[in-house]
>>> print(open('input.cif').read())   # mmCIF, C-alpha atoms
data_start
#
loop_
_atom_site.group_PDB
_atom_site.id
_atom_site.type_symbol
_atom_site.label_atom_id
_atom_site.label_comp_id
_atom_site.auth_asym_id
_atom_site.auth_seq_id
_atom_site.Cartn_x
_atom_site.Cartn_y
_atom_site.Cartn_z
ATOM 1 C CA MET A 744 -171.380 6.354 148.213
ATOM 2 C CA ILE A 745 -172.907 5.946 151.623
ATOM 3 C CA ALA A 746 -170.641 4.347 154.221
ATOM 4 C CA SER A 747 -173.136 1.630 155.054
ATOM 5 C CA GLU A 748 -173.361 0.483 151.482
ATOM 6 C CA ALA A 749 -170.810 -2.103 150.458
ATOM 7 C CA PRO A 750 -169.191 -1.667 147.087
ATOM 8 C CA ALA A 751 -170.545 -3.984 144.413
ATOM 9 C CA GLU A 752 -168.536 -7.162 144.288
ATOM 10 C CA ALA A 753 -166.512 -7.526 141.174
ATOM 11 C CA PRO A 754 -167.113 -10.917 139.514
ATOM 12 C CA ALA A 755 -164.358 -13.426 140.200
ATOM 13 C CA LEU A 756 -162.150 -14.391 137.324
ATOM 14 C CA ASP A 757 -160.623 -17.809 136.894
ATOM 15 C CA ARG A 758 -157.130 -18.453 135.521
ATOM 16 C CA ALA A 759 -158.375 -18.255 131.978
ATOM 17 C CA GLY A 760 -159.823 -14.839 132.712
ATOM 18 C CA THR A 761 -163.448 -15.907 132.261
ATOM 19 C CA CYS A 762 -166.056 -14.474 134.543
ATOM 20 C CA GLN A 763 -167.440 -16.710 137.295
ATOM 21 C CA LYS A 764 -170.566 -15.732 139.094
ATOM 22 C CA PRO A 765 -171.330 -17.063 142.583
ATOM 23 C CA LEU A 766 -173.664 -20.044 142.827
ATOM 24 C CA SER A 767 -177.013 -19.648 144.484
ATOM 25 C CA LEU A 768 -177.659 -21.811 147.520
ATOM 26 C CA ALA A 769 -180.145 -23.936 145.559
ATOM 27 C CA ALA A 770 -177.663 -24.433 142.717
ATOM 28 C CA ALA A 771 -174.910 -25.361 145.197
ATOM 29 C CA ARG A 772 -177.176 -27.930 146.886
ATOM 30 C CA HIS A 773 -178.128 -29.416 143.526
ATOM 31 C CA LEU A 774 -174.477 -29.650 142.504
ATOM 32 C CA GLU A 775 -173.613 -31.313 145.821
ATOM 33 C CA GLN A 776 -176.424 -33.874 145.399
ATOM 34 C CA GLN A 777 -175.251 -34.670 141.894
ATOM 35 C CA ALA A 778 -171.688 -35.146 143.116
ATOM 36 C CA TRP A 779 -172.778 -37.508 145.897
ATOM 37 C CA ALA A 780 -174.903 -39.462 143.409
ATOM 38 C CA VAL A 781 -171.798 -40.458 141.434
ATOM 39 C CA VAL A 782 -169.743 -41.447 144.485
ATOM 40 C CA PRO A 783 -171.143 -45.019 144.915
ATOM 41 C CA GLN A 784 -170.588 -45.914 141.262
ATOM 42 C CA THR A 785 -167.145 -44.319 141.243
ATOM 43 C CA PHE A 786 -166.196 -46.237 144.381
ATOM 44 C CA GLN A 787 -167.532 -49.494 142.886
ATOM 45 C CA ASP A 788 -165.530 -48.876 139.716
ATOM 46 C CA LEU A 789 -162.362 -48.329 141.745
ATOM 47 C CA VAL A 790 -162.917 -51.420 143.901
ATOM 48 C CA SER A 791 -163.941 -53.805 141.144
ATOM 49 C CA ARG A 792 -161.337 -52.732 138.571
ATOM 50 C CA GLY A 793 -162.508 -55.148 135.909
ATOM 51 C CA ARG A 794 -163.427 -57.907 138.354
ATOM 52 C CA PRO A 795 -166.689 -59.733 137.707
ATOM 53 C CA VAL A 796 -169.532 -58.670 139.963
ATOM 54 C CA LEU A 797 -170.890 -62.186 140.552
ATOM 55 C CA MET A 798 -170.033 -65.858 140.439
ATOM 56 C CA ASP A 799 -173.231 -67.922 140.646
ATOM 57 C CA VAL A 800 -172.477 -71.394 142.073
ATOM 58 C CA ALA A 801 -174.819 -74.409 141.794
ATOM 59 C CA CYS A 802 -177.189 -72.460 139.578
ATOM 60 C CA SER A 803 -179.200 -73.330 136.508
ATOM 61 C CA GLU A 804 -177.746 -72.920 133.040
ATOM 62 C CA ASN A 805 -179.942 -69.855 132.473
ATOM 63 C CA SER A 806 -179.843 -68.406 135.997
ATOM 64 C CA LEU A 807 -181.987 -65.309 136.345
ATOM 65 C CA LEU A 808 -179.564 -63.795 138.874
ATOM 66 C CA THR A 809 -176.593 -64.074 136.505
ATOM 67 C CA ARG A 810 -178.590 -62.831 133.525
ATOM 68 C CA THR A 811 -179.873 -59.829 135.520
ATOM 69 C CA ILE A 812 -176.333 -58.801 136.544
ATOM 70 C CA GLN A 813 -175.160 -59.136 132.955
ATOM 71 C CA ASP A 814 -178.121 -57.116 131.672
ATOM 72 C CA ARG A 815 -177.828 -54.389 134.331
ATOM 73 C CA THR A 816 -174.104 -53.902 133.767
ATOM 74 C CA GLY A 817 -174.257 -54.343 130.011
ATOM 75 C CA ASP A 818 -171.301 -56.724 130.319
ATOM 76 C CA PRO A 819 -171.599 -60.480 129.707
ATOM 77 C CA ASP A 820 -168.391 -61.008 131.716
ATOM 78 C CA ALA A 821 -169.819 -59.261 134.809
ATOM 79 C CA ALA A 822 -171.267 -62.561 136.051
ATOM 80 C CA SER A 823 -170.364 -66.205 135.551
ATOM 81 C CA ARG A 824 -172.020 -69.526 136.313
ATOM 82 C CA CYS A 825 -170.507 -72.613 137.950
ATOM 83 C CA SER A 826 -172.636 -75.729 138.024
ATOM 84 C CA LEU A 827 -173.059 -79.353 136.963
ATOM 85 C CA TRP A 828 -173.418 -78.530 133.291
ATOM 86 C CA ASN A 829 -169.975 -76.861 133.111
ATOM 87 C CA ALA A 830 -168.047 -79.373 135.259
ATOM 88 C CA CYS A 831 -168.374 -77.366 138.493
ATOM 89 C CA ASP A 832 -170.070 -80.156 140.441
ATOM 90 C CA LEU A 833 -170.048 -79.394 144.175
ATOM 91 C CA ALA A 834 -170.406 -83.124 144.921
ATOM 92 C CA THR A 835 -167.025 -84.012 143.396
ATOM 93 C CA ASN A 836 -163.471 -83.075 144.335
ATOM 94 C CA ALA A 837 -162.687 -82.126 140.744
ATOM 95 C CA GLY A 838 -165.745 -79.879 140.513
ATOM 96 C CA VAL A 839 -164.962 -78.110 143.790
ATOM 97 C CA GLN A 840 -161.331 -77.643 142.746
ATOM 98 C CA LEU A 841 -162.448 -76.118 139.451
ATOM 99 C CA ILE A 842 -164.625 -73.610 141.325
ATOM 100 C CA LEU A 843 -161.775 -72.794 143.723
ATOM 101 C CA ASP A 844 -159.422 -72.267 140.784
ATOM 102 C CA ARG A 845 -161.927 -69.982 139.073
ATOM 103 C CA LEU A 846 -162.375 -68.004 142.308
ATOM 104 C CA GLN A 847 -158.633 -67.431 142.450
ATOM 105 C CA VAL A 848 -158.446 -66.290 138.837
ATOM 106 C CA GLU A 849 -161.700 -64.329 138.482
ATOM 107 C CA GLN A 850 -161.790 -62.751 141.974
ATOM 108 C CA PRO A 851 -165.498 -61.828 141.759
ATOM 109 C CA THR A 852 -166.822 -59.233 144.184
ATOM 110 C CA HIS A 853 -169.658 -61.577 145.244
ATOM 111 C CA VAL A 854 -170.334 -65.333 145.161
ATOM 112 C CA TRP A 855 -173.879 -66.669 145.348
ATOM 113 C CA ILE A 856 -174.032 -70.342 146.398
ATOM 114 C CA SER A 857 -177.373 -72.079 145.929
ATOM 115 C CA PRO A 858 -177.145 -75.857 146.452
ATOM 116 C CA PRO A 859 -180.400 -77.819 146.297
ATOM 117 C CA CYS A 860 -182.538 -77.733 149.420
ATOM 118 C CA GLY A 861 -185.247 -80.162 148.293
ATOM 119 C CA PRO A 862 -183.937 -83.315 150.019
ATOM 120 C CA PHE A 863 -184.044 -81.562 153.406
ATOM 121 C CA SER A 864 -187.336 -79.764 152.937
ATOM 122 C CA PRO A 865 -189.802 -80.373 155.783
ATOM 123 C CA LEU A 866 -192.298 -81.533 153.145
ATOM 124 C CA GLN A 867 -190.117 -84.571 152.397
ATOM 125 C CA GLN A 868 -191.431 -86.262 155.549
ATOM 126 C CA VAL A 869 -194.922 -86.461 154.021
ATOM 127 C CA ASN A 870 -193.872 -88.703 151.150
ATOM 128 C CA GLN A 871 -192.142 -91.487 153.119
ATOM 129 C CA ARG A 872 -194.618 -94.361 153.010
ATOM 130 C CA THR A 873 -192.622 -97.175 151.448
ATOM 131 C CA GLU A 874 -189.094 -98.467 151.922
ATOM 132 C CA ALA A 875 -188.301 -97.519 148.335
ATOM 133 C CA GLN A 876 -189.340 -93.901 148.998
ATOM 134 C CA LYS A 877 -187.279 -93.830 152.188
ATOM 135 C CA GLN A 878 -184.229 -95.227 150.385
ATOM 136 C CA GLU A 879 -184.611 -92.757 147.516
ATOM 137 C CA LEU A 880 -184.757 -89.824 149.967
ATOM 138 C CA HIS A 881 -181.742 -91.215 151.826
ATOM 139 C CA ASN A 882 -179.758 -91.334 148.557
ATOM 140 C CA LYS A 883 -180.818 -87.778 147.631
ATOM 141 C CA ARG A 884 -179.810 -86.535 151.066
ATOM 142 C CA GLN A 885 -176.403 -88.209 150.866
ATOM 143 C CA HIS A 886 -175.776 -86.525 147.530
ATOM 144 C CA ALA A 887 -176.952 -83.166 148.926
ATOM 145 C CA ILE A 888 -174.610 -83.553 151.926
ATOM 146 C CA ARG A 889 -171.679 -84.057 149.531
ATOM 147 C CA MET A 890 -172.750 -80.881 147.709
ATOM 148 C CA TYR A 891 -173.010 -78.981 151.011
ATOM 149 C CA ALA A 892 -169.492 -80.110 151.936
ATOM 150 C CA GLY A 893 -168.201 -78.827 148.582
ATOM 151 C CA ALA A 894 -170.155 -75.600 148.945
ATOM 152 C CA SER A 895 -168.698 -75.187 152.434
ATOM 153 C CA CYS A 896 -165.186 -75.362 150.940
ATOM 154 C CA VAL A 897 -166.125 -72.695 148.399
ATOM 155 C CA PHE A 898 -167.699 -70.524 151.102
ATOM 156 C CA GLN A 899 -164.611 -70.779 153.338
ATOM 157 C CA ARG A 900 -162.310 -69.943 150.434
ATOM 158 C CA CYS A 901 -164.387 -66.849 149.669
ATOM 159 C CA LEU A 902 -163.898 -65.711 153.254
ATOM 160 C CA GLN A 903 -160.139 -66.281 152.962
ATOM 161 C CA LEU A 904 -159.982 -64.261 149.736
ATOM 162 C CA GLY A 905 -162.122 -61.444 151.123
ATOM 163 C CA ILE A 906 -164.938 -62.158 148.683
ATOM 164 C CA HIS A 907 -168.464 -61.554 149.921
ATOM 165 C CA ALA A 908 -170.489 -64.780 149.739
ATOM 166 C CA THR A 909 -174.151 -65.667 150.178
ATOM 167 C CA TRP A 910 -175.453 -69.192 150.816
ATOM 168 C CA GLU A 911 -179.016 -69.561 149.605
ATOM 169 C CA LEU A 912 -180.937 -72.150 151.609
ATOM 170 C CA ALA A 913 -184.478 -72.056 152.945
ATOM 171 C CA GLU A 914 -184.677 -70.909 156.532
ATOM 172 C CA LYS A 915 -186.841 -73.915 157.491
ATOM 173 C CA SER A 916 -184.581 -76.430 155.752
ATOM 174 C CA GLN A 917 -183.564 -79.329 157.965
ATOM 175 C CA ALA A 918 -180.132 -79.102 156.340
ATOM 176 C CA TRP A 919 -179.207 -76.288 158.746
ATOM 177 C CA ARG A 920 -178.999 -78.969 161.440
ATOM 178 C CA LEU A 921 -176.244 -80.829 159.598
ATOM 179 C CA PRO A 922 -172.754 -80.580 161.126
ATOM 180 C CA VAL A 923 -171.275 -79.356 157.825
ATOM 181 C CA LEU A 924 -173.649 -76.360 157.849
ATOM 182 C CA SER A 925 -173.563 -75.626 161.542
ATOM 183 C CA LEU A 926 -170.043 -74.251 161.078
ATOM 184 C CA ILE A 927 -171.167 -71.615 158.589
ATOM 185 C CA HIS A 928 -174.597 -70.697 159.924
ATOM 186 C CA ILE A 929 -174.069 -67.062 160.786
#
>>> encode(input="input.cif", output="C-alpha coordinates")
Amino acid sequence: MIASEAPAEAPALDRAGTCQKPLSLAAARHLEQQAWAVVPQTFQDLVSRGRPVLMDVACSENSLLTRTIQDRTGDPDAASRCSLWNACDLATNAGVQLILDRLQVEQPTHVWISPPCGPFSPLQQVNQRTEAQKQELHNKRQHAIRMYAGASCVFQRCLQLGIHATWELAEKSQAWRLPVLSLIHI
(Lines of atoms letter the chains of each structure in order from A and count residues from 1; the text may use other names and numbers.)
(Lines give C-alpha, C1' and ligand atoms only; values in the text may rest on other atoms or scores of the structure.)
Protein backbone atom coordinates (compact mmCIF):
# COMPACT_ATOMS: atom_id res chain seq x y z
CA MET A 1 0.00 0.00 0.00
CA ILE A 2 1.37 3.37 -0.95
CA ALA A 3 1.20 6.00 1.78
CA SER A 4 -0.68 8.46 -0.39
CA GLU A 5 -3.44 6.00 -1.10
CA ALA A 6 -6.26 5.98 1.41
CA PRO A 7 -7.59 2.61 2.46
CA ALA A 8 -10.88 1.69 0.84
CA GLU A 9 -13.76 2.81 2.99
CA ALA A 10 -15.67 -0.01 4.53
CA PRO A 11 -19.42 0.33 3.87
CA ALA A 12 -21.33 1.70 6.85
CA LEU A 13 -23.65 -0.65 8.63
CA ASP A 14 -26.87 0.41 10.27
CA ARG A 15 -28.20 -1.02 13.54
CA ALA A 16 -29.74 -3.95 11.75
CA GLY A 17 -26.37 -4.76 10.24
CA THR A 18 -27.43 -4.03 6.66
CA CYS A 19 -24.99 -2.35 4.35
CA GLN A 20 -25.54 1.33 3.55
CA LYS A 21 -23.72 2.90 0.69
CA PRO A 22 -23.14 6.67 0.56
CA LEU A 23 -25.55 8.72 -1.53
CA SER A 24 -24.30 10.50 -4.60
CA LEU A 25 -24.66 14.26 -4.64
CA ALA A 26 -27.42 14.03 -7.27
CA ALA A 27 -29.31 11.44 -5.23
CA ALA A 28 -28.97 13.56 -2.08
CA ARG A 29 -30.31 16.64 -3.90
CA HIS A 30 -33.23 14.65 -5.27
CA LEU A 31 -34.04 13.29 -1.82
CA GLU A 32 -33.87 16.81 -0.35
CA GLN A 33 -36.23 18.16 -3.04
CA GLN A 34 -38.68 15.36 -2.38
CA ALA A 35 -38.58 16.06 1.35
CA TRP A 36 -39.24 19.77 0.85
CA ALA A 37 -42.11 18.95 -1.52
CA VAL A 38 -44.03 17.24 1.29
CA VAL A 39 -43.44 20.00 3.85
CA PRO A 40 -46.29 22.35 2.75
CA GLN A 41 -48.89 19.57 2.78
CA THR A 42 -47.60 18.21 6.08
CA PHE A 43 -47.74 21.68 7.62
CA GLN A 44 -51.28 22.22 6.26
CA ASP A 45 -52.36 18.88 7.71
CA LEU A 46 -50.96 19.82 11.11
CA VAL A 47 -52.57 23.28 11.08
CA SER A 48 -55.98 22.26 9.78
CA ARG A 49 -56.38 19.10 11.89
CA GLY A 50 -59.77 18.20 10.46
CA ARG A 51 -60.93 21.80 10.10
CA PRO A 52 -62.76 22.68 6.89
CA VAL A 53 -60.64 24.55 4.37
CA LEU A 54 -63.38 27.00 3.33
CA MET A 55 -66.65 28.57 4.38
CA ASP A 56 -68.25 30.28 1.38
CA VAL A 57 -70.59 33.09 2.55
CA ALA A 58 -73.29 34.71 0.37
CA CYS A 59 -72.62 32.25 -2.42
CA SER A 60 -74.84 30.38 -4.83
CA GLU A 61 -76.24 26.97 -3.96
CA ASN A 62 -73.80 25.34 -6.39
CA SER A 63 -70.80 27.63 -5.83
CA LEU A 64 -67.88 26.76 -8.08
CA LEU A 65 -65.38 27.78 -5.39
CA THR A 66 -66.87 25.40 -2.81
CA ARG A 67 -67.21 22.57 -5.31
CA THR A 68 -63.58 23.01 -6.44
CA ILE A 69 -62.27 22.81 -2.85
CA GLN A 70 -64.36 19.71 -2.24
CA ASP A 71 -63.17 18.10 -5.47
CA ARG A 72 -59.49 18.99 -4.93
CA THR A 73 -59.44 17.66 -1.38
CA GLY A 74 -61.67 14.69 -2.08
CA ASP A 75 -63.67 15.63 1.02
CA PRO A 76 -67.23 17.00 0.85
CA ASP A 77 -66.78 18.45 4.36
CA ALA A 78 -63.69 20.48 3.33
CA ALA A 79 -65.91 23.40 2.29
CA SER A 80 -69.35 24.61 3.31
CA ARG A 81 -71.82 27.16 1.99
CA CYS A 82 -73.73 29.83 3.92
CA SER A 83 -76.35 31.77 2.02
CA LEU A 84 -80.01 32.71 1.65
CA TRP A 85 -81.10 29.23 0.68
CA ASN A 86 -79.83 27.69 3.95
CA ALA A 87 -81.00 30.44 6.33
CA CYS A 88 -77.65 32.28 6.39
CA ASP A 89 -79.07 35.59 5.19
CA LEU A 90 -76.57 38.41 5.74
CA ALA A 91 -79.43 40.94 5.73
CA THR A 92 -81.04 39.51 8.87
CA ASN A 93 -79.86 39.28 12.47
CA ALA A 94 -80.82 35.61 12.63
CA GLY A 95 -78.91 34.81 9.44
CA VAL A 96 -75.77 36.62 10.62
CA GLN A 97 -75.98 34.90 14.01
CA LEU A 98 -76.25 31.51 12.31
CA ILE A 99 -73.09 32.24 10.31
CA LEU A 100 -71.27 33.43 13.44
CA ASP A 101 -72.32 30.27 15.27
CA ARG A 102 -71.11 28.09 12.40
CA LEU A 103 -67.79 29.96 12.35
CA GLN A 104 -67.31 29.19 16.03
CA VAL A 105 -68.11 25.51 15.58
CA GLU A 106 -66.50 24.78 12.20
CA GLN A 107 -63.40 27.00 12.56
CA PRO A 108 -62.61 26.98 8.82
CA THR A 109 -59.12 27.99 7.74
CA HIS A 110 -60.56 30.52 5.24
CA VAL A 111 -63.85 32.40 4.78
CA TRP A 112 -64.83 33.80 1.40
CA ILE A 113 -67.50 36.52 1.63
CA SER A 114 -69.15 37.52 -1.64
CA PRO A 115 -72.19 39.79 -1.11
CA PRO A 116 -73.88 41.15 -4.23
CA CYS A 117 -72.21 44.13 -5.86
CA GLY A 118 -74.81 44.81 -8.56
CA PRO A 119 -76.73 47.62 -6.82
CA PHE A 120 -73.53 49.67 -6.50
CA SER A 121 -72.12 48.93 -9.92
CA PRO A 122 -71.18 52.07 -11.88
CA LEU A 123 -73.42 50.79 -14.68
CA GLN A 124 -76.49 51.28 -12.47
CA GLN A 125 -76.37 55.02 -13.17
CA VAL A 126 -77.21 54.39 -16.84
CA ASN A 127 -80.60 52.86 -16.12
CA GLN A 128 -82.09 55.63 -13.94
CA ARG A 129 -84.58 57.35 -16.23
CA THR A 130 -87.85 57.07 -14.34
CA GLU A 131 -88.83 57.53 -10.71
CA ALA A 132 -89.80 53.86 -10.54
CA GLN A 133 -86.30 52.82 -11.68
CA LYS A 134 -84.72 55.18 -9.15
CA GLN A 135 -86.90 53.82 -6.34
CA GLU A 136 -86.16 50.22 -7.31
CA LEU A 137 -82.39 50.90 -7.25
CA HIS A 138 -82.76 52.68 -3.90
CA ASN A 139 -84.53 49.61 -2.45
CA LYS A 140 -81.87 47.25 -3.85
CA ARG A 141 -79.12 49.41 -2.39
CA GLN A 142 -80.76 49.51 1.03
CA HIS A 143 -80.96 45.72 1.04
CA ALA A 144 -77.32 45.46 -0.11
CA ILE A 145 -76.24 47.83 2.69
CA ARG A 146 -77.93 45.55 5.24
CA MET A 147 -76.05 42.61 3.71
CA TYR A 148 -72.76 44.54 3.86
CA ALA A 149 -73.37 45.31 7.54
CA GLY A 150 -73.95 41.60 8.21
CA ALA A 151 -70.91 40.65 6.15
CA SER A 152 -68.87 43.19 8.11
CA CYS A 153 -69.85 41.42 11.35
CA VAL A 154 -68.76 38.09 9.87
CA PHE A 155 -65.50 39.60 8.61
CA GLN A 156 -64.69 41.13 12.02
CA ARG A 157 -65.46 37.86 13.79
CA CYS A 158 -63.10 36.03 11.44
CA LEU A 159 -60.35 38.45 12.41
CA GLN A 160 -61.09 37.87 16.11
CA LEU A 161 -60.93 34.09 15.64
CA GLY A 162 -57.74 34.25 13.58
CA ILE A 163 -59.49 32.97 10.47
CA HIS A 164 -58.26 34.31 7.14
CA ALA A 165 -61.11 36.07 5.31
CA THR A 166 -61.57 37.48 1.82
CA TRP A 167 -64.28 39.97 0.84
CA GLU A 168 -65.11 39.70 -2.84
CA LEU A 169 -66.32 43.00 -4.27
CA ALA A 170 -65.49 44.68 -7.56
CA GLU A 171 -62.71 47.22 -7.26
CA LYS A 172 -64.80 49.87 -9.07
CA SER A 173 -67.90 49.25 -6.97
CA GLN A 174 -69.35 52.40 -5.45
CA ALA A 175 -70.05 50.33 -2.33
CA TRP A 176 -66.44 50.86 -1.21
CA ARG A 177 -67.44 54.44 -0.43
CA LEU A 178 -70.04 53.33 2.11
CA PRO A 179 -69.16 53.94 5.78
CA VAL A 180 -69.76 50.27 6.65
CA LEU A 181 -67.09 49.21 4.14
CA SER A 182 -64.63 52.00 4.75
CA LEU A 183 -63.75 50.35 8.07
CA ILE A 184 -62.66 47.11 6.42
CA HIS A 185 -61.11 48.37 3.19
CA ILE A 186 -57.54 47.23 3.63
>>> residues_around(input="input.cif", residues="stretch 855-868 of chain A", least_positions_apart="3", cutoff="9 Å", atoms="only C-alpha atoms", output="PyMOL selection string")
chain A and resi 797-802+833+871+880-881+883-884+887+890-891+894+897-898+907-913+915-919
>>> atom_distance(input="input.cif", atom1="atom CA of A:Ala821", atom2="atom CA of A:Gly793")
8.5 Å
>>> closest_residue(input="input.cif", among="A:Asp818, A:Val839, A:Arg889, A:Cys825", to="A:Ser806", atoms="only C-alpha atoms")
A:Cys825
>>> closest_residue(input="input.cif", among="A:Gly893, A:Thr816, A:Asn836, A:Pro795", to="A:Val848", atoms="all atoms listed in the file")
A:Pro795
>>> atom_distance(input="input.cif", atom1="atom CA of A:Arg920", atom2="atom CA of A:Val869")
19.1 Å
>>> resolve_selection(input="input.cif", expression="the PyMOL selection byres ((chain A and resi 927) around 10)", output="number ranges by chain")
A: 895, 898-899, 910, 919, 922-926, 928-929
>>> resolve_selection(input="input.cif", expression="the PyMOL selection byres ((chain A and resi 828) around 10)", output="VMD selection string")
chain A and resid 801 to 804 824 to 827 829 to 832
>>> atom_distance(input="input.cif", atom1="atom CA of A:Ser767", atom2="atom CA of A:Val781")
21.7 Å
